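Notes to accompany the following structure.
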Amino acid sequence: MNYPLEMKQISKTFKQGRTEIQALKSLDFHVQPGEFVSIIGPSGSGKSTFLTIAGILQEPSNGTLLVDGQDVSQLSDKQKSELRFGKIGFILQSSNLIPFLTVKEQFQLLDRYIKEKTNKEKINNLLTSLGIEELANQYPNDLSGGERQRVAIAKALYHHPSVILADEPTASLDSERAFEVVELLKEQAHQTKAAIIMVTHDKRLIPYSDRVFEMEDGLMKERPSK
């Protein structure tokens, strides 16, 4: 079976002067289509390294990364870039919206980048599914933190990625908005069949997850979500 994302014996070592630091240690991991997975752990546990390798932003020292069954190490830089853009969506701590573009123009920019015609119906359907269709002509500075994160989720889903990597997506939100956004992420994973992997420090969000993994000292283990 081809998983949206699979890691086999992934390790990552950094050199700091004469010292070698193992950020990831022989990590095995996979996620199913439509699954909402949380990864928790203290600072320095390897979560950020995991995300950058999963997002094809840096290479592992050893092991195999597969995205939709494709071995990333066998691809050219151009193919890696195309895979990253076509198969992986990103949601960051800050919504990462361009301040001088309206909500709908954020999507048009994505289409210009890959030289595709803008699909207005798809944009409207996405915004409607996330309850923000009336914000299409608004600028990011006119939106609340929760609304900006909803737009960021819509952008991540726009090109139908196989996997979405969410890096502390609720960090800048109050509790009510944080729970709202995580509930939306789980709902969108189940509806669109995109696998969503969320890194978070907030253990209150764990019950929303289909599966939960804890990282410590570069090692990962699964733990109960309930």
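Quick note on naming: the chains in the structure tokens go A, B, ... in the order shown, residues restart at 1 in each chain, and ligands are numbered from 1 in order of appearance.
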
Find the spatial neighbours of range 165-180 of chain A, counting only C-alpha atoms, within a cut-off of 7 Å - ignore same-chain residues fewer than 4 positions away - and output them as a list of chain:residue names. A:Gly89, A:Phe90, A:Ile91, A:Leu92, A:Gln93, A:Gly145, A:Gly146, A:Leu184, A:Ile196, A:Ile197, A:Met198, A:Val199, A:Thr200, A:Leu205

Dump of C-alpha atoms for the selected residues, as a CSV table (one decimal), in the first residue's frame:
chain,number,residue,atom,x,y,z
A,89,GLY,CA,0.3,21.5,2.0
A,90,PHE,CA,1.6,23.7,4.8
A,91,ILE,CA,-0.1,25.5,7.7
A,92,LEU,CA,2.2,27.6,9.8
A,93,GLN,CA,2.0,29.2,13.3
A,145,GLY,CA,-6.7,35.3,14.1
A,146,GLY,CA,-9.2,32.4,13.7
A,184,LEU,CA,-11.9,22.0,11.4
A,196,ILE,CA,-3.1,16.0,8.2
A,197,ILE,CA,-0.1,15.9,10.6
A,198,MET,CA,-0.2,18.5,13.3
A,199,VAL,CA,2.8,19.4,15.6
A,200,THR,CA,1.6,21.0,18.8
A,205,LEU,CA,-5.9,19.2,21.6

List every residue of chain A that DSSP, applied to the backbone, labels as strand (DSSP E or B), and write the result as number ranges by chain. A: 5-16, 19-31, 36-40, 62-67, 70-71, 88-91, 163-167, 195-199, 211-216, 219-223

Spatial neighbours of Ile39 in chain A, max dist 12 Å, only C-alpha atoms, sep filter under 4 positions, as JSON, numbers by chain: {"A": [29, 31, 45, 46, 47, 48, 50, 51, 165, 166, 167, 168, 196, 197, 198, 199, 200, 201, 202, 203, 205, 206, 209, 210, 211, 212, 213, 214, 215, 216, 219, 220, 221, 222, 223, 224, 225]}

Could you list, as a PyMOL selection string, every residue within 10 Å of Glu6 in chain A, counting only C-alpha atoms and ignoring same-chain residues fewer than 6 positions away? chain A and resi 28-32+54+64-71

Using only N, CA, C and O atoms, please write the residues we just selected to a file, as an mmCIF file, in the first residue's frame.
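Written output follows (part_1.cif):
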data_model
loop_
_atom_site.group_PDB
_atom_site.id
_atom_site.type_symbol
_atom_site.label_atom_id
_atom_site.label_comp_id
_atom_site.auth_asym_id
_atom_site.auth_seq_id
_atom_site.Cartn_x
_atom_site.Cartn_y
_atom_site.Cartn_z
ATOM 1 N N ASP A 28 10.524 5.354 12.182
ATOM 2 C CA ASP A 28 9.551 4.741 11.273
ATOM 3 C C ASP A 28 8.193 5.399 11.515
ATOM 4 O O ASP A 28 7.755 5.540 12.669
ATOM 5 N N PHE A 29 7.524 5.770 10.426
ATOM 6 C CA PHE A 29 6.258 6.493 10.565
ATOM 7 C C PHE A 29 5.480 6.408 9.260
ATOM 8 O O PHE A 29 6.056 6.410 8.177
ATOM 9 N N HIS A 30 4.164 6.301 9.368
ATOM 10 C CA HIS A 30 3.320 6.454 8.181
ATOM 11 C C HIS A 30 1.961 7.000 8.605
ATOM 12 O O HIS A 30 1.579 6.928 9.774
ATOM 13 N N VAL A 31 1.255 7.576 7.647
ATOM 14 C CA VAL A 31 -0.070 8.131 7.914
ATOM 15 C C VAL A 31 -1.013 7.677 6.806
ATOM 16 O O VAL A 31 -0.614 7.518 5.652
ATOM 17 N N GLN A 32 -2.263 7.431 7.178
ATOM 18 C CA GLN A 32 -3.275 6.958 6.231
ATOM 19 C C GLN A 32 -4.000 8.139 5.575
ATOM 20 O O GLN A 32 -4.065 9.225 6.146
ATOM 21 N N ALA A 54 9.758 15.774 6.352
ATOM 22 C CA ALA A 54 8.475 15.354 5.779
ATOM 23 C C ALA A 54 8.033 16.289 4.656
ATOM 24 O O ALA A 54 7.425 15.856 3.677
ATOM 25 N N THR A 64 14.629 6.331 4.275
ATOM 26 C CA THR A 64 13.847 6.556 3.062
ATOM 27 C C THR A 64 12.584 7.339 3.385
ATOM 28 O O THR A 64 11.834 6.985 4.299
ATOM 29 N N LEU A 65 12.338 8.396 2.614
ATOM 30 C CA LEU A 65 11.098 9.168 2.695
ATOM 31 C C LEU A 65 10.288 8.891 1.436
ATOM 32 O O LEU A 65 10.785 9.056 0.323
ATOM 33 N N LEU A 66 9.038 8.454 1.627
ATOM 34 C CA LEU A 66 8.144 8.179 0.505
ATOM 35 C C LEU A 66 6.930 9.100 0.590
ATOM 36 O O LEU A 66 6.293 9.195 1.647
ATOM 37 N N VAL A 67 6.623 9.782 -0.495
ATOM 38 C CA VAL A 67 5.426 10.620 -0.586
ATOM 39 C C VAL A 67 4.564 10.059 -1.706
ATOM 40 O O VAL A 67 4.996 9.996 -2.858
ATOM 41 N N ASP A 68 3.366 9.594 -1.345
ATOM 42 C CA ASP A 68 2.492 8.911 -2.309
ATOM 43 C C ASP A 68 3.228 7.770 -3.021
ATOM 44 O O ASP A 68 3.055 7.556 -4.231
ATOM 45 N N GLY A 69 4.073 7.079 -2.277
ATOM 46 C CA GLY A 69 4.782 5.929 -2.828
ATOM 47 C C GLY A 69 6.051 6.255 -3.578
ATOM 48 O O GLY A 69 6.777 5.348 -3.989
ATOM 49 N N GLN A 70 6.354 7.531 -3.774
ATOM 50 C CA GLN A 70 7.562 7.919 -4.500
ATOM 51 C C GLN A 70 8.731 8.097 -3.529
ATOM 52 O O GLN A 70 8.613 8.837 -2.548
ATOM 53 N N ASP A 71 9.833 7.456 -3.828
ATOM 54 C CA ASP A 71 11.055 7.593 -3.037
ATOM 55 C C ASP A 71 11.687 8.936 -3.381
ATOM 56 O O ASP A 71 12.196 9.144 -4.479
#

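Here CA of Lys80 in chain A is placed at a distance of 7.1 Å from CA of Ile56 in chain A.
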
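If you look at CA of Glu35 in chain A and CA of Gln191 in chain A, they are 10.1 Å away from each other.
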
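Residue nearest Gln58 in chain A, chosen from A:Phe14, A:Val163, A:Leu27, A:Gln108 and counting only C-alpha atoms: A:Phe14.
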
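Of the listed residues (A:Gly34, A:Tyr139, A:Pro207, A:Pro60), A:Gly34 comes nearest to Gln188 in chain A; the distances count only C-alpha atoms.
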
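Comparing the minimum interatomic distances between Thr118 in chain A and each of A:His159, A:Glu20, A:Pro140, A:Glu82, counting only C-alpha atoms, we find that A:His159 sits nearest.
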
One residue among A:Tyr158, A:Val37, A:Asn137, A:Gln149 is nearest to Asn119 in chain A when using only C-alpha atoms, and that residue is A:Tyr158

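Taking CA of Ser11 in chain A as the reference point, CA of Ser26 in chain A is found at 4.9 Å.
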
Write out as a PyMOL selection string which residues come within 7 Å of Ala136 in chain A when counting only C-alpha atoms, dropping same-chain ones fewer than 4 positions away. chain A and resi 102-104

Go ahead and save the picked residues with N, CA and C atoms, as a tab-separated table (two decimals), in the first residue's frame.
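Output file again10.tsv is given in full below:
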chain	number	residue	atom	x	y	z
A	102	THR	N	-6.17	40.30	-1.18
A	102	THR	CA	-7.42	39.85	-0.56
A	102	THR	C	-7.40	38.33	-0.42
A	103	VAL	N	-8.38	37.81	0.28
A	103	VAL	CA	-8.46	36.36	0.49
A	103	VAL	C	-8.48	35.62	-0.85
A	104	LYS	N	-9.33	36.03	-1.77
A	104	LYS	CA	-9.41	35.31	-3.05
A	104	LYS	C	-8.15	35.50	-3.89
